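Peer 1: Supplied in C-alpha cells, the structure appears directly below.
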Amino acid sequence: MGRLSPRKVEMTMLTSEQRERFARDGFLVLDGFVPDAECDALRARADALVAAFEPGSVRSIFTTEDQARNTDDYFLGSGDRVRFFFEEDAISRDGELVVPKARAINKIGHAMHDLDPEFDRFSRAPRVASIVADLGVVEPLLLQSMIIFKQPHIGGEVRFHQDATFLHTEPQSVLGLWFALEDATEDNGCLWAIPGGHRAGLKSLFVRNDDDTTTMHTLDSAPWEDAALVPLPVRKGALIALHGLVPHMSKRNESPRSRAAYSLHVVSARSAYPKTNWLRRAIPARGFGAA
C-alpha cells in the first residue's frame with residue numbers, strides 16, 4: 001500500500017453533532033454535497049466510457065448471489081484498471097446482450113479515481129478530503145472507486161454486506177463515500193442500512209488465496225435483523241458516508257429510472273493492508289493531493 005505523509009486539511013465541514021451521529025449510526029447523509037452540474041458531468045463521463053467500451057468476448061457479470069463462486073480473472077485484475085461489469089439480466093444464456101450496451105452495464109471499477117482525469121479531480125477535491133478527515137481517517141489512501149448504474153428494470157439487488165468484508169485493513173479503517181448522481185428512491189434501489197450495526201463486528205471476510213481463487217469466510221453466522229433496516233432515499237447530489245462495518249444493501253431496481261451513483265472507498269495508510277485482499281494494485285494507492 002505504501003505510506004504517505006498526512007496532508008493537512010484546514011477546512012472542517014462536519015459539525016460535532018454530525019460526527020456524533022456517524023459514530024452512533026455508522027452512516028451519515030449529507031444532502032446537497034455535490035452540485036447538480038457536477039453530478040451531470042460525472043454521469044456524462046461514465047456514459048462516454050461505456051460508449052467507448054468494446055466488450056468483445058468479455059462478459060463479466062457482477063452479482064452478489066455468490067461472490068466467491070462468481071469471481072473471475074477479469075474482476076480480480078481490475079484493482080488498478082477501469083473495467084466494465086454487466087448486469088446479470090442483461091446477458092442471455094449464450095452470452096449475448098439482450099438490452100443495448102448503454103443499459104447493460106452494472107458498474108465500472110475500480111481505479112477511476114486514479115486513471116480518469118475527471119473522476120480524479122472529483123475524488124481528490126478539498127471538500128472530499130475534509131469529510132474524510134472529519135470522520136477520523138488518518139493518512140487516507142484512495143483505494144477503490146466505482147460507478148454503479150442500477151439500470152432501469154434490471155438493476156440487480158446488492159445483498160446485505162459490510163464494506164470491510166471485501167476491503168479489510170488491520171485495524172479496520174475502511175470508509176465508504178457514496179455520491180448520488182441521480183435521485184435514489186425506494187422504487188429505484190436506494191441504499192438501506194442498519195443504524196448502529198457497525199458495533200456488532202465483522203460477520204464475514206472475502207479473501208484472495210495464493211492460487212488466485214477466492215473464499216468467503218464466515219466469522220459470525222448470526223443473521224442481521226431485516227426489521228432493523230432503514231431506507232436512505234436521497235436527492236441527486238447527496239453524499240452518504242458509510243463506516244466499513246455498517247451493514248447495508250440495496251434492492252433490485254424494477255422502475256423505469258436508473259439510480260446512478262459514484263462510490264469511493266478510503267483506508268488509512270497507518271493500517272496494514274493484508275495480501276488476502278482481493279483488490280491488488282501494481283502501483284500503490286495515493287492520498288488526497290498526491291502526485
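Within each chain, counting starts at residue 1; across the C-alpha cells, chains are named A, B, ... in the order shown, with ligands numbered 1 upward in that order.
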Quick one: DSSP helix (DSSP H, G or I) residues in segment 29-259 of chain A, as a ChimeraX atom specification?
Peer 2: /A:36-52,67-70,73-76,88-90,101-103,112-115,117-123,126-134,163-166,197-200,226-228
Peer 1: If you run DSSP over the backbone, which residues in segment 8-230 of chain A end up strand (DSSP E)? Put them as an MDAnalysis selection string.
Peer 2: chainID A and resid 27:30 82:86 105:110 140:148 158:161 175:180 191:193 204:208 214:218 230
Peer 1: Identify, on the basis of only C-alpha atoms, every residue whose closest approach to Ala222 of chain A does not exceed 12 Å; exclude the query and any residue fewer than 6 positions from it along the same chain; express the result as a PDB file with C-alpha atoms, in the first residue's frame.
Peer 2:
```pdb
ATOM      1  CA  ALA A 200     -21.645  -5.751  16.143  1.00  0.00           C
ATOM      2  CA  GLY A 201     -18.329  -6.503  14.421  1.00  0.00           C
ATOM      3  CA  LEU A 202     -17.383  -8.142  11.128  1.00  0.00           C
ATOM      4  CA  LYS A 203     -19.533 -11.080  10.041  1.00  0.00           C
ATOM      5  CA  SER A 204     -17.600 -12.374   7.013  1.00  0.00           C
TER       6      SER A 204
END
```
Peer 1: Taking into account only C-alpha atoms, which residue in the set A:Glu17, A:Asp211, A:Asp47, A:Asp25 is nearest to Ile194 of chain A?
Peer 2: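 Among A:Glu17, A:Asp211, A:Asp47, A:Asp25, it is A:Asp25 that comes nearest to Ile194 of chain A.
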Peer 1: What are the nearest atom pairs, with distances in Å to one decimal, for all residues of segment 116-186 of chain A that come at most 7 Å from segment 271-283 of chain A, using only C-alpha atoms, set out by chain and rising residue number as JSON lines?
Peer 2:
```
{"residue": "A:Leu167", "atom": "CA", "partner": "A:Asn277", "partner_atom": "CA", "distance": 6.2}
{"residue": "A:His168", "atom": "CA", "partner": "A:Asn277", "partner_atom": "CA", "distance": 6.6}
{"residue": "A:Thr169", "atom": "CA", "partner": "A:Tyr273", "partner_atom": "CA", "distance": 4.9}
{"residue": "A:Glu170", "atom": "CA", "partner": "A:Ala272", "partner_atom": "CA", "distance": 5.0}
{"residue": "A:Pro171", "atom": "CA", "partner": "A:Ser271", "partner_atom": "CA", "distance": 5.6}
{"residue": "A:Ser173", "atom": "CA", "partner": "A:Ser271", "partner_atom": "CA", "distance": 6.9}
```
Peer 1: Quick check, in Å to one decimal: how far apart do atom CA of Val82 of chain A and atom CA of Lys107 of chain A lie?
Peer 2: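 It comes out at 10.2 Å.
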Peer 1: Which of these residues is nearest to Leu143 of chain A, using only C-alpha atoms: A:Arg252, A:Arg81, A:Arg121, A:His265?
Peer 2: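 Ranked by minimum distance to Leu143 of chain A, first place goes to A:His265.
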Peer 1: Just the number, please: distance in Å from atom CA of Leu245 of chain A to atom CA of Ala261 of chain A, one decimal.
Peer 2: 20.2 Å
Peer 1: Skip Ser255 of chain A itself and residues of its chain fewer than 2 positions away, then list as a VMD selection string all residues within 7 Å of it, counting only C-alpha atoms.
Peer 2: chain A and resid 152 to 153 187 to 188 253 257
Peer 1: If we count only C-alpha atoms, what is near His161 of chain A at a cut-off of 7 Å, once residues fewer than 3 positions away on the same chain are taken out, given as a list in words?
Peer 2: Pro247, His248 and Met249 of chain A
Peer 1: Report as a ChimeraX atom specification all protein, DNA and RNA residues lying within 8 Å of Ile240 of chain A, evaluated on only C-alpha atoms, omitting residues in the same chain fewer than 4 positions from it.
Peer 2: /A:27-30,177-179
Peer 1: I need the residues from that last selection saved to file as a PDB file, in the first residue's frame (with N, CA and C atoms), if you can.
Peer 2:
```pdb
ATOM      1  N   PHE A  27     -23.415   5.607   9.698  1.00  0.00           N
ATOM      2  CA  PHE A  27     -23.576   6.264   8.402  1.00  0.00           C
ATOM      3  C   PHE A  27     -24.019   7.702   8.632  1.00  0.00           C
ATOM      4  N   LEU A  28     -23.829   8.527   7.611  1.00  0.00           N
ATOM      5  CA  LEU A  28     -24.205   9.936   7.697  1.00  0.00           C
ATOM      6  C   LEU A  28     -24.651  10.392   6.317  1.00  0.00           C
ATOM      7  N   VAL A  29     -25.819  11.020   6.241  1.00  0.00           N
ATOM      8  CA  VAL A  29     -26.361  11.537   4.991  1.00  0.00           C
ATOM      9  C   VAL A  29     -26.139  13.044   4.948  1.00  0.00           C
ATOM     10  N   LEU A  30     -25.486  13.508   3.879  1.00  0.00           N
ATOM     11  CA  LEU A  30     -25.241  14.935   3.680  1.00  0.00           C
ATOM     12  C   LEU A  30     -25.915  15.354   2.378  1.00  0.00           C
ATOM     13  N   LEU A 177     -17.680   6.316   0.655  1.00  0.00           N
ATOM     14  CA  LEU A 177     -18.347   7.562   0.292  1.00  0.00           C
ATOM     15  C   LEU A 177     -19.208   7.282  -0.935  1.00  0.00           C
ATOM     16  N   TRP A 178     -20.495   7.473  -0.811  1.00  0.00           N
ATOM     17  CA  TRP A 178     -21.469   7.116  -1.853  1.00  0.00           C
ATOM     18  C   TRP A 178     -22.163   8.393  -2.301  1.00  0.00           C
ATOM     19  N   PHE A 179     -21.881   8.803  -3.544  1.00  0.00           N
ATOM     20  CA  PHE A 179     -22.399  10.064  -4.085  1.00  0.00           C
ATOM     21  C   PHE A 179     -23.553   9.772  -5.037  1.00  0.00           C
TER      22      PHE A 179
END
```
Peer 1: Extract, using only C-alpha atoms, all DNA, RNA and protein residues at most 9 Å from Ala129 of chain A, discarding same-chain residues fewer than 4 positions from it, and format them as a list of chain:residue names.
Peer 2: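 Close residues of Ala129 of chain A: A:Val9, A:Ser123, A:Arg124, A:Ala125, A:Ala133, A:Asp134, A:Pro140, A:Gly287, A:Phe288, A:Gly289.
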Peer 1: So how far away is atom CA of Met13 of chain A from atom CA of Leu142 of chain A, in Å?
Peer 2: 19.2 Å
Peer 1: Choose the residue, out of A:Pro256, A:Ser60, A:Leu205, A:Met146, that has the smallest atom-to-atom separation from Glu96 of chain A; count only C-alpha atoms.
Peer 2: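 Using only C-alpha atoms, the shortest distance to Glu96 of chain A belongs to A:Ser60.
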